[in-house]
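This is target-v4.txt. It holds compact mmCIF, C-alpha atoms and all ligand atoms.
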# COMPACT_ATOMS: atom_id res chain seq x y z
CA MET A 556 155.72 10.99 1.48
CA THR A 557 158.29 13.76 1.32
CA ARG A 558 157.27 16.96 3.03
CA THR A 559 158.38 20.42 3.75
CA GLY A 560 157.20 22.75 6.45
CA GLY A 561 157.09 19.94 9.01
CA VAL A 562 158.60 19.96 12.49
CA LEU A 563 162.09 19.57 11.04
CA ALA A 564 161.89 22.62 8.80
CA PRO A 565 163.42 25.12 11.26
CA HIS A 566 166.48 22.92 11.88
CA ARG A 567 169.43 23.75 9.66
CA ARG A 568 172.05 21.25 10.84
CA ILE A 569 170.75 17.84 11.84
CA VAL A 570 172.58 14.74 13.06
CA ILE A 571 170.63 11.53 12.44
CA LYS A 572 171.73 8.53 14.50
CA ILE A 573 170.66 5.14 13.24
CA GLY A 574 170.70 2.08 15.46
CA SER A 575 172.06 -1.27 14.27
CA SER A 576 168.76 -3.11 14.54
CA LEU A 577 167.12 -0.69 12.09
CA LEU A 578 169.71 -1.27 9.38
CA VAL A 579 170.72 -4.86 9.87
CA ASP A 580 168.64 -8.00 10.16
CA ARG A 581 170.48 -10.85 11.80
CA ALA A 582 169.24 -13.41 9.29
CA SER A 583 169.10 -11.47 6.04
CA GLY A 584 171.77 -8.79 6.56
CA LEU A 585 171.42 -5.23 5.37
CA LYS A 586 167.88 -3.87 5.10
CA ARG A 587 168.23 -2.24 1.69
CA ASP A 588 164.65 -1.01 1.35
CA TRP A 589 164.87 0.75 4.66
CA LEU A 590 168.21 2.29 3.74
CA ALA A 591 166.81 3.46 0.41
CA SER A 592 163.86 5.05 2.19
CA ILE A 593 165.96 7.01 4.66
CA ALA A 594 168.34 8.09 1.89
CA ALA A 595 165.27 9.58 0.19
CA ASP A 596 164.32 11.38 3.42
CA ILE A 597 167.84 12.78 3.75
CA ALA A 598 167.77 13.96 0.13
CA THR A 599 164.50 15.80 0.80
CA LEU A 600 165.90 17.62 3.82
CA ALA A 601 169.11 18.42 1.96
CA SER A 602 167.14 19.81 -0.97
CA HIS A 603 165.48 22.21 1.46
CA GLY A 604 168.86 23.48 2.54
CA ALA A 605 169.42 21.50 5.74
CA GLN A 606 172.87 20.09 6.42
CA ILE A 607 172.58 16.42 7.37
CA LEU A 608 175.11 14.27 9.19
CA VAL A 609 174.51 10.57 9.62
CA VAL A 610 175.86 8.54 12.52
CA SER A 611 175.31 5.00 11.36
CA SER A 612 175.71 1.97 13.55
CA GLY A 613 175.63 -1.50 12.12
CA ALA A 614 179.27 -2.28 11.32
CA ILE A 615 179.56 -5.06 13.87
CA ALA A 616 176.08 -6.45 13.26
CA LEU A 617 176.57 -6.43 9.49
CA GLY A 618 180.07 -7.91 9.70
CA ARG A 619 178.70 -10.63 11.89
CA SER A 620 176.07 -11.47 9.36
CA ILE A 621 178.59 -11.36 6.47
CA LEU A 622 181.04 -13.60 8.33
CA ASN A 623 178.26 -15.88 9.55
CA ARG A 624 179.11 -15.53 13.21
CA PRO A 625 176.55 -17.11 15.52
CA ALA A 626 174.51 -15.11 18.05
CA GLY A 627 176.08 -14.47 21.44
CA THR A 628 178.79 -12.26 22.82
CA LEU A 629 181.83 -11.69 20.65
CA LYS A 630 185.38 -11.41 21.97
CA LEU A 631 186.95 -8.01 21.44
CA GLU A 632 189.07 -9.14 18.48
CA GLU A 633 186.06 -10.89 16.96
CA SER A 634 183.93 -7.76 17.12
CA GLN A 635 186.84 -5.74 15.71
CA ALA A 636 187.13 -8.21 12.84
CA ALA A 637 183.38 -8.14 12.31
CA ALA A 638 183.49 -4.34 12.25
CA ALA A 639 186.28 -4.42 9.66
CA CYS A 640 184.13 -6.43 7.24
CA GLY A 641 180.90 -4.74 8.23
CA GLN A 642 182.09 -1.15 8.00
CA ILE A 643 183.34 -1.45 4.43
CA ALA A 644 180.00 -2.93 3.37
CA LEU A 645 178.07 -0.35 5.37
CA ALA A 646 179.99 2.53 3.83
CA ARG A 647 179.43 1.16 0.36
CA ALA A 648 175.72 0.76 1.01
CA TRP A 649 175.43 4.36 2.23
CA SER A 650 177.48 5.65 -0.65
CA GLU A 651 175.26 3.88 -3.18
CA ALA A 652 172.00 4.77 -1.47
CA LEU A 653 172.87 8.48 -1.36
CA ALA A 654 174.34 8.46 -4.86
CA GLY A 655 170.86 7.54 -6.06
CA HIS A 656 169.91 11.10 -5.02
CA ASP A 657 173.05 12.72 -6.42
CA LEU A 658 174.49 13.05 -2.93
CA HIS A 659 178.05 12.13 -2.02
CA ALA A 660 178.72 10.24 1.20
CA GLY A 661 181.96 10.94 3.10
CA GLN A 662 183.03 8.35 5.64
CA ILE A 663 184.36 9.51 9.01
CA LEU A 664 185.53 6.93 11.55
CA LEU A 665 186.12 8.48 14.94
CA THR A 666 187.97 7.30 18.01
CA LEU A 667 187.28 8.71 21.43
CA GLY A 668 190.09 11.27 21.42
CA ASP A 669 188.75 12.86 18.23
CA THR A 670 185.97 14.54 20.14
CA GLU A 671 187.49 14.64 23.64
CA GLU A 672 190.89 16.21 22.96
CA ARG A 673 190.57 19.77 21.81
CA ARG A 674 193.45 19.57 19.38
CA ARG A 675 192.02 16.63 17.48
CA TYR A 676 188.52 17.99 17.95
CA LEU A 677 189.40 21.05 15.88
CA ASN A 678 190.74 18.75 13.22
CA ALA A 679 187.70 16.47 13.05
CA ARG A 680 185.42 19.51 13.09
CA ALA A 681 187.28 21.16 10.23
CA THR A 682 187.05 18.04 8.07
CA ILE A 683 183.35 17.58 8.71
CA THR A 684 182.67 21.29 8.16
CA THR A 685 184.43 21.06 4.82
CA LEU A 686 182.41 18.02 3.79
CA LEU A 687 179.21 19.91 4.62
CA LYS A 688 180.39 22.96 2.71
CA LEU A 689 181.01 20.77 -0.31
CA GLY A 690 177.46 19.45 -0.05
CA ALA A 691 178.53 15.92 0.96
CA ILE A 692 176.82 13.86 3.67
CA PRO A 693 179.22 12.80 6.44
CA VAL A 694 178.51 9.18 7.38
CA ILE A 695 180.07 8.66 10.78
CA ASN A 696 180.76 5.67 12.98
CA GLU A 697 183.17 4.76 15.71
CA ASN A 698 186.38 3.22 14.39
CA ASP A 699 185.48 -0.11 15.92
CA THR A 700 188.39 -2.02 14.39
CA VAL A 701 190.91 -0.20 16.57
CA ALA A 702 188.80 0.93 19.51
CA THR A 703 189.33 -1.15 22.64
CA THR A 704 187.24 -1.15 25.78
CA GLU A 705 189.29 1.55 27.49
CA ILE A 706 189.32 3.92 24.56
CA ARG A 707 185.89 3.69 23.04
CA TYR A 708 182.62 5.56 23.14
CA GLY A 709 181.05 2.11 23.07
CA ASP A 710 177.66 3.23 21.90
CA ASN A 711 176.67 5.46 19.06
CA ASP A 712 174.05 7.38 21.04
CA ARG A 713 176.77 9.20 22.93
CA LEU A 714 179.05 9.32 19.92
CA ALA A 715 176.26 11.03 17.96
CA ALA A 716 175.70 13.49 20.81
CA ARG A 717 179.41 14.35 20.87
CA VAL A 718 179.34 14.87 17.13
CA ALA A 719 176.22 17.04 17.38
CA SER A 720 177.86 19.13 20.08
CA MET A 721 181.19 19.36 18.25
CA MET A 722 179.41 20.47 15.09
CA SER A 723 176.98 22.82 16.87
CA ALA A 724 174.07 20.97 15.28
CA ASP A 725 170.66 22.31 16.18
CA LEU A 726 169.00 18.90 16.29
CA LEU A 727 170.02 15.33 17.04
CA ILE A 728 167.56 12.64 15.94
CA LEU A 729 168.03 9.25 17.59
CA LEU A 730 166.20 6.72 15.48
CA SER A 731 165.51 3.68 17.49
CA ASP A 732 163.35 0.59 17.75
CA VAL A 733 161.29 2.42 20.38
CA ASP A 734 159.30 5.55 19.61
CA GLY A 735 160.45 7.50 22.65
CA LEU A 736 160.56 7.59 26.41
CA TYR A 737 157.79 6.16 28.60
CA THR A 738 157.18 6.55 32.32
CA ALA A 739 157.72 2.75 32.58
CA PRO A 740 158.66 -0.01 30.10
CA PRO A 741 155.54 -0.06 27.83
CA GLU A 742 155.78 -3.77 27.00
CA ARG A 743 155.56 -4.65 30.69
CA ASP A 744 153.42 -1.91 32.15
CA PRO A 745 149.99 -1.17 30.62
CA ASP A 746 149.85 2.15 32.49
CA ALA A 747 153.10 3.39 30.96
CA GLU A 748 152.64 6.90 29.60
CA PHE A 749 154.46 8.35 26.64
CA ILE A 750 156.56 11.43 27.38
CA LYS A 751 156.33 14.03 24.67
CA ARG A 752 158.63 16.76 25.96
CA VAL A 753 161.56 16.80 28.33
CA PRO A 754 162.37 20.40 29.21
CA ARG A 755 165.21 19.28 31.47
CA ILE A 756 166.76 15.91 32.28
CA THR A 757 165.93 15.34 35.93
CA ARG A 758 166.60 12.37 38.18
CA GLU A 759 163.03 11.32 37.60
CA ILE A 760 163.62 11.19 33.84
CA GLU A 761 166.81 9.21 34.37
CA ALA A 762 164.94 6.73 36.54
CA MET A 763 162.33 6.23 33.81
CA ALA A 764 165.04 5.25 31.35
CA GLY A 765 165.69 2.14 33.43
CA SER A 766 167.97 -0.22 31.58
CA ALA A 767 165.87 -1.25 28.61
CA GLY A 768 167.49 -1.98 25.27
CA SER A 769 167.08 -4.30 22.36
CA GLU A 770 169.41 -7.20 21.76
CA LEU A 771 171.20 -5.91 18.67
CA SER A 772 172.11 -2.45 19.84
CA ARG A 773 174.30 -1.56 22.77
CA GLY A 774 172.47 1.68 23.38
CA GLY A 775 169.39 1.23 25.50
CA MET A 776 167.39 4.12 26.95
CA VAL A 777 170.14 4.83 29.47
CA THR A 778 172.69 5.80 26.83
CA LYS A 779 169.99 7.83 25.06
CA ILE A 780 169.44 9.88 28.18
CA GLU A 781 173.22 10.28 28.53
CA ALA A 782 173.25 11.46 24.93
CA GLY A 783 170.45 13.85 25.80
CA LYS A 784 172.55 15.41 28.55
CA ILE A 785 175.51 15.93 26.23
CA ALA A 786 173.37 17.31 23.41
CA THR A 787 171.06 19.61 25.34
CA GLY A 788 173.94 20.88 27.48
CA SER A 789 175.65 21.94 24.25
CA GLY A 790 172.56 23.71 22.98
CA THR A 791 171.39 20.94 20.63
CA ALA A 792 167.79 19.73 20.79
CA MET A 793 167.30 15.98 20.69
CA VAL A 794 164.43 13.73 19.71
CA ILE A 795 164.08 9.99 20.21
CA ALA A 796 161.83 8.65 17.47
CA SER A 797 160.89 5.36 15.93
CA GLY A 798 162.91 4.16 12.98
CA ARG A 799 161.01 0.95 12.53
CA GLU A 800 158.98 1.90 9.47
CA LEU A 801 160.20 3.05 6.08
CA ASN A 802 160.87 6.80 5.65
CA PRO A 803 161.24 7.40 9.38
CA VAL A 804 162.56 10.95 9.04
CA ALA A 805 159.78 12.07 6.72
CA THR A 806 157.33 10.52 9.17
CA LEU A 807 158.90 12.38 12.07
CA ASP A 808 158.78 15.57 10.04
CA SER A 809 155.06 15.27 9.42
CA SER A 810 153.90 13.72 12.71
CA GLY A 811 156.41 15.15 15.17
CA HIS A 812 155.94 11.93 17.13
CA GLY A 813 158.84 11.24 19.48
CA THR A 814 160.24 12.39 22.81
CA TRP A 815 161.69 15.88 22.41
CA PHE A 816 164.47 17.09 24.70
CA GLU A 817 164.78 20.84 24.87
CA PRO A 818 168.21 22.43 24.54
CA ALA A 819 169.80 24.77 27.05
CA GLY A 820 170.41 27.85 24.91
CA ASN A 821 171.79 27.59 21.39
CA PRO A 822 174.98 25.69 20.38
CA VAL A 823 177.22 28.72 20.05
CA THR A 824 176.11 30.18 23.37
CA ALA A 825 176.72 26.81 24.98
CA ARG A 826 180.25 26.51 23.60
CA LYS A 827 181.00 30.05 24.69
CA LYS A 828 179.75 29.25 28.14
CA TRP A 829 182.10 26.29 28.19
CA ILE A 830 185.01 28.50 27.16
CA SER A 831 184.13 31.04 29.84
CA GLY A 832 183.97 28.30 32.42
CA GLN A 833 187.50 27.04 31.74
CA LEU A 834 189.87 28.18 34.44
CA GLY A 835 193.29 27.73 32.92
CA THR A 836 194.67 29.64 29.97
CA ALA A 837 197.85 28.65 28.18
CA GLY A 838 199.04 32.00 26.90
CA ALA A 839 198.08 35.34 25.49
CA ILE A 840 197.75 36.97 22.10
CA HIS A 841 198.20 40.73 21.81
CA VAL A 842 196.26 42.51 19.09
CA ASP A 843 196.24 45.96 17.52
CA ALA A 844 193.41 48.47 17.78
CA GLY A 845 191.89 47.42 14.44
CA ALA A 846 191.67 43.78 15.47
CA ALA A 847 190.27 44.77 18.89
CA ARG A 848 187.49 46.70 17.12
CA ALA A 849 186.83 43.80 14.74
CA LEU A 850 186.44 41.42 17.68
CA GLN A 851 183.98 43.78 19.39
CA ALA A 852 182.03 43.79 16.12
CA GLY A 853 181.71 40.00 16.29
CA LYS A 854 184.47 39.08 13.83
CA SER A 855 187.04 36.30 14.11
CA LEU A 856 190.62 37.05 15.12
CA LEU A 857 192.86 36.94 12.04
CA PRO A 858 196.67 36.65 12.16
CA ALA A 859 197.01 40.10 10.54
CA GLY A 860 195.85 41.92 13.68
CA ILE A 861 198.24 40.14 16.04
CA THR A 862 201.23 42.06 17.37
CA ARG A 863 202.74 39.54 19.77
CA VAL A 864 202.09 36.13 21.34
CA GLU A 865 203.23 34.90 24.74
CA GLY A 866 203.05 31.86 26.99
CA SER A 867 203.21 28.37 25.69
CA PHE A 868 200.09 27.17 23.97
CA ALA A 869 199.16 24.43 21.58
CA ARG A 870 196.43 24.39 18.98
CA GLY A 871 193.13 23.83 20.80
CA ASP A 872 194.22 25.55 24.02
CA ILE A 873 192.38 28.49 25.48
CA VAL A 874 194.28 31.76 25.30
CA ILE A 875 193.63 35.31 26.45
CA VAL A 876 193.38 38.08 23.87
CA ARG A 877 194.87 41.40 25.05
CA ASP A 878 194.68 44.84 23.46
CA HIS A 879 197.60 47.29 23.14
CA ASP A 880 197.10 48.33 26.80
CA THR A 881 197.47 44.61 27.69
CA ALA A 882 193.91 44.61 29.02
CA GLU A 883 192.04 41.34 28.53
CA ILE A 884 189.41 41.78 25.83
CA ALA A 885 188.53 38.18 25.05
CA ARG A 886 189.50 34.56 25.35
CA GLY A 887 189.07 31.71 22.97
CA ILE A 888 190.29 28.46 21.45
CA VAL A 889 193.41 29.08 19.38
CA ALA A 890 193.84 27.33 16.04
CA TYR A 891 197.67 27.31 15.94
CA ASP A 892 200.54 26.18 18.14
CA MET A 893 202.48 29.02 19.76
CA ALA A 894 205.52 28.77 17.43
CA ASP A 895 203.42 28.90 14.26
CA ALA A 896 201.21 31.65 15.70
CA ALA A 897 204.35 33.73 16.29
CA ARG A 898 205.48 33.20 12.72
CA ILE A 899 202.23 34.33 11.11
CA ALA A 900 201.50 37.17 13.57
CA GLY A 901 200.91 40.35 11.62
CA CYS A 902 200.58 38.56 8.28
CA LYS A 903 197.65 38.42 5.89
CA SER A 904 195.83 35.07 5.95
CA HIS A 905 196.59 34.32 2.29
CA ARG A 906 200.30 34.17 3.18
CA ILE A 907 199.89 31.44 5.82
CA ALA A 908 200.74 28.55 3.49
CA GLU A 909 203.82 30.32 2.15
CA ILE A 910 205.14 31.08 5.65
CA LEU A 911 204.32 27.83 7.41
CA GLY A 912 204.65 25.44 4.51
CA TYR A 913 201.14 24.09 5.02
CA GLU A 914 197.63 25.32 4.41
CA GLY A 915 196.29 26.42 7.82
CA ARG A 916 193.09 28.07 8.96
CA SER A 917 192.54 31.70 8.01
CA GLU A 918 191.50 32.56 11.57
CA MET A 919 193.73 32.46 14.64
CA ILE A 920 190.54 32.21 16.74
CA HIS A 921 187.22 31.63 15.04
CA ARG A 922 184.43 33.89 16.28
CA ASP A 923 182.41 30.86 17.41
CA ASP A 924 185.36 29.91 19.62
CA LEU A 925 185.79 33.39 21.06
CA VAL A 926 184.19 34.97 24.12
CA LEU A 927 184.47 38.71 24.62
CA HIS A 928 185.47 39.84 28.09
CA HIS A 929 182.33 41.93 28.34
CA ASP A 930 180.18 38.87 27.63
CA ARG A 931 182.06 36.75 30.14
CA ARG A 932 181.13 39.18 32.84
CA HIS A 933 177.56 39.68 31.69
CA ALA A 934 176.70 36.11 30.69
CA ALA A 935 176.45 35.02 27.11
CA ARG A 936 175.01 37.30 24.45
CA PRO A 937 171.33 36.66 23.80
CA GLU A 938 171.59 36.72 20.01
CA GLU A 939 174.55 35.11 18.37
CA LYS A 940 176.06 35.43 14.95
CA SER A 941 175.18 32.71 12.48
CA LEU A 942 177.39 29.67 12.26
CA GLU A 943 178.38 30.34 8.68
CA GLU A 944 182.03 30.98 8.07
CA GLU A 945 182.89 34.53 7.23
CA HIS A 946 185.46 33.60 4.61
N1 LIG B 1001 179.73 1.26 16.39
C1 LIG B 1001 178.94 0.07 16.49
C2 LIG B 1001 178.73 -0.52 15.11
O1 LIG B 1001 178.71 0.15 14.15
C3 LIG B 1001 177.57 0.32 17.06
C4 LIG B 1001 177.52 0.81 18.46
C5 LIG B 1001 176.06 0.94 18.90
O2 LIG B 1001 175.24 0.09 18.56
O3 LIG B 1001 175.72 1.92 19.56
O4 LIG B 1001 178.52 -1.71 14.99
Would you mind giving the structure from this file in structure tokens?
Ligand code: GLU
Amino acid sequence: MTRTGGVLAPHRRIVIKIGSSLLVDRASGLKRDWLASIAADIATLASHGAQILVVSSGAIALGRSILNRPAGTLKLEESQAAAACGQIALARAWSEALAGHDLHAGQILLTLGDTEERRRYLNARATITTLLKLGAIPVINENDTVATTEIRYGDNDRLAARVASMMSADLLILLSDVDGLYTAPPERDPDAEFIKRVPRITREIEAMAGSAGSELSRGGMVTKIEAGKIATGSGTAMVIASGRELNPVATLDSSGHGTWFEPAGNPVTARKKWISGQLGTAGAIHVDAGAARALQAGKSLLPAGITRVEGSFARGDIVIVRDHDTAEIARGIVAYDMADAARIAGCKSHRIAEILGYEGRSEMIHRDDLVLHHDRRHAARPEEKSLEEEH
């Protein structure tokens, strides 16, 4: 049942989103056999070197079943309470299922701002990157116990797409109770045709999504298409595939059956495009000739090469990088607030903790967050450096 060399083989960083109805049965609660089967699939991919992130729904549905709440709409505080009981059980189930394959699960509960505000975005990304580096499997959900209507993603399709984009994943798999997108709702229209590839999300594609959705999950086809826009726009491919049977990921790997959305460029190029497209900058960082050369060679900007900082910027802001002639050579997302950047300017990265009193990032601007001036003018570089850290 486990395979290599399937359609998933080329993908190195994969986000797998699992809908509530796949994991939780209203009457009997958690579907343990199904969970065990997907844990086995994840272990197989991980053993072939892929980094896997799970976005698991099911907290509210499971909490509801644990607390014996009847069917029907829940009030906000009821769904928050259900999520509180459900999430702890869900996390435990994931932890145990993955432990059976010697994998550690790390729980991440996100609220909207964690992916939408750059400052917190850098933080969430650093934590998840570290989990992946340590070989753990991030198991992510929305923090439903504190999220209210105004400040929530609301559905995990879009949450998963944000995570995929934030983490520069190369593939997002949306496992669902449908096997993909059809030209019309297949249960109602016998002429409905299955759509295998979506090179670009057009109005026509959006219209096909209609407003279908199963009872247990909030995310119908509409939110899946929204997720597709976020993911493909960030350079992440997406596939909607059936999660109904056991070992759904292994099945997808061998059959390739699902609706595949093609990405616009690769994730790093997409982020760089986004950086280039931002109009405002919050300040400038002046660098010496050595750092300027290192940047041209595709390296990150380290504090050691910085001669001076100016403006007023906060961690996560976009700043201009200037050489000793004050010419703009790049711009990028800065990893420190202005005051701290000034204090570590010119210092070796290993001294950061001693100077600031906390362990910070070694880079002032990571190369994936940096766009060279030359590339801004001549569109993004065709080949990009790998996503691996250089330290
Ligand atoms: N975060 C919700 C939960 O875990 C699921 C949202 C969704 O179904 O998309 O219950």
From the set A:Ser583, A:Gln662, A:Thr682, A:Asn698, which residue has the shortest atom-to-atom contact distance to ligand LIG 1001 (chain B), counting all atoms listed in the file?
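When distances to ligand LIG 1001 (chain B) are compared using all atoms listed in the file, the smallest one comes from A:Asn698.
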Neighbours of ligand LIG 1001 (chain B) at 7 Å or closer, counting only C-alpha atoms and all ligand atoms: which residues, as a list of chain:residue names?
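Answer in the requested format: A:Gly574, A:Ser575, A:Ser611, A:Ser612, A:Gly613, A:Ala614, A:Ile615, A:Ala616, A:Ala638, A:Asn696, A:Glu697, A:Asp699, A:Gly709, A:Asp710, A:Asn711, A:Asp712, A:Ser772, A:Arg773, A:Gly774.
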Residues of the last selection are to be written out with C-alpha atoms, as a compact mmCIF listing (two decimals), in the frame of the given file.
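Result went into again.txt, see below:
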# COMPACT_ATOMS: atom_id res chain seq x y z
CA GLY A 574 170.70 2.08 15.46
CA SER A 575 172.06 -1.27 14.27
CA SER A 611 175.31 5.00 11.36
CA SER A 612 175.71 1.97 13.55
CA GLY A 613 175.63 -1.50 12.12
CA ALA A 614 179.27 -2.28 11.32
CA ILE A 615 179.56 -5.06 13.87
CA ALA A 616 176.08 -6.45 13.26
CA ALA A 638 183.49 -4.34 12.25
CA ASN A 696 180.76 5.67 12.98
CA GLU A 697 183.17 4.76 15.71
CA ASP A 699 185.48 -0.11 15.92
CA GLY A 709 181.05 2.11 23.07
CA ASP A 710 177.66 3.23 21.90
CA ASN A 711 176.67 5.46 19.06
CA ASP A 712 174.05 7.38 21.04
CA SER A 772 172.11 -2.45 19.84
CA ARG A 773 174.30 -1.56 22.77
CA GLY A 774 172.47 1.68 23.38
Which distance in Å separates CA of Val842 (chain A) and CA of Ala897 (chain A), to one decimal?
12.3 Å
Nearest to Ala859 (chain A): which of A:Asp895, A:Glu817, A:Glu909, A:Glu918 is it, counting all atoms listed in the file?
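Of all the options, A:Glu918 lies closest to Ala859 (chain A).
CA of Leu927 (chain A) lies 6.6 Å from CA of Arg886 (chain A).
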Within 12 Å of file point (190.6, 14.3, 19.7), counting only C-alpha atoms, expressed as a PyMOL selection string:
chain A and resi 665-680+706+717-718+721+870-871
Have a look at A:Asp725, A:Met763, A:Glu883, A:Leu714 and name the one nearest to Tyr737 (chain A); count all atoms listed in the file.
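Nearest to Tyr737 (chain A): A:Met763.
Atom pair CA of Ala715 (chain A) / CA of Leu622 (chain A) has a distance of 26.9 Å (rounded to one decimal).
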May I have the protein, DNA and RNA residues with an atom at most 10 Å from (167.4, 25.5, 25.4), counting all atoms listed in the file in the file's coordinates, returned as a PyMOL selection string?
chain A and resi 754-755+787-792+816-822+825
For Val701 (chain A): contacts at 12 Å, only C-alpha atoms, fewer than 6 positions along chain excluded, given as a PyMOL selection string
chain A and resi 631-639+664-667+707
Do a neighbour search on Ile571 (chain A) at 8 Å with all atoms listed in the file, toss out local chain neighbours closer than 5 positions, and write the hits as a list in words.
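Within the cut-off, the hits are Ile607, Leu608, Val609, Val610, Ala715, Leu727, Ile728, Leu729 and Leu730 of chain A.
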Using all atoms listed in the file, which of A:Val889, A:Ala601, A:Ile840, A:Leu857 sits nearest Ser904 (chain A)?
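Smallest separation from Ser904 (chain A) among the options: A:Leu857.
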What are the centre and the three edge lengths of an axis-aligned box that wraps all atoms of region 820-838 of chain A in the file, given that 6 Å is added to every side, written as AutoDock Vina command-line options and rounded to one decimal in Å?
--center_x 184.7 --center_y 28.8 --center_z 27.2 --size_x 40.6 --size_y 18.3 --size_z 26.4
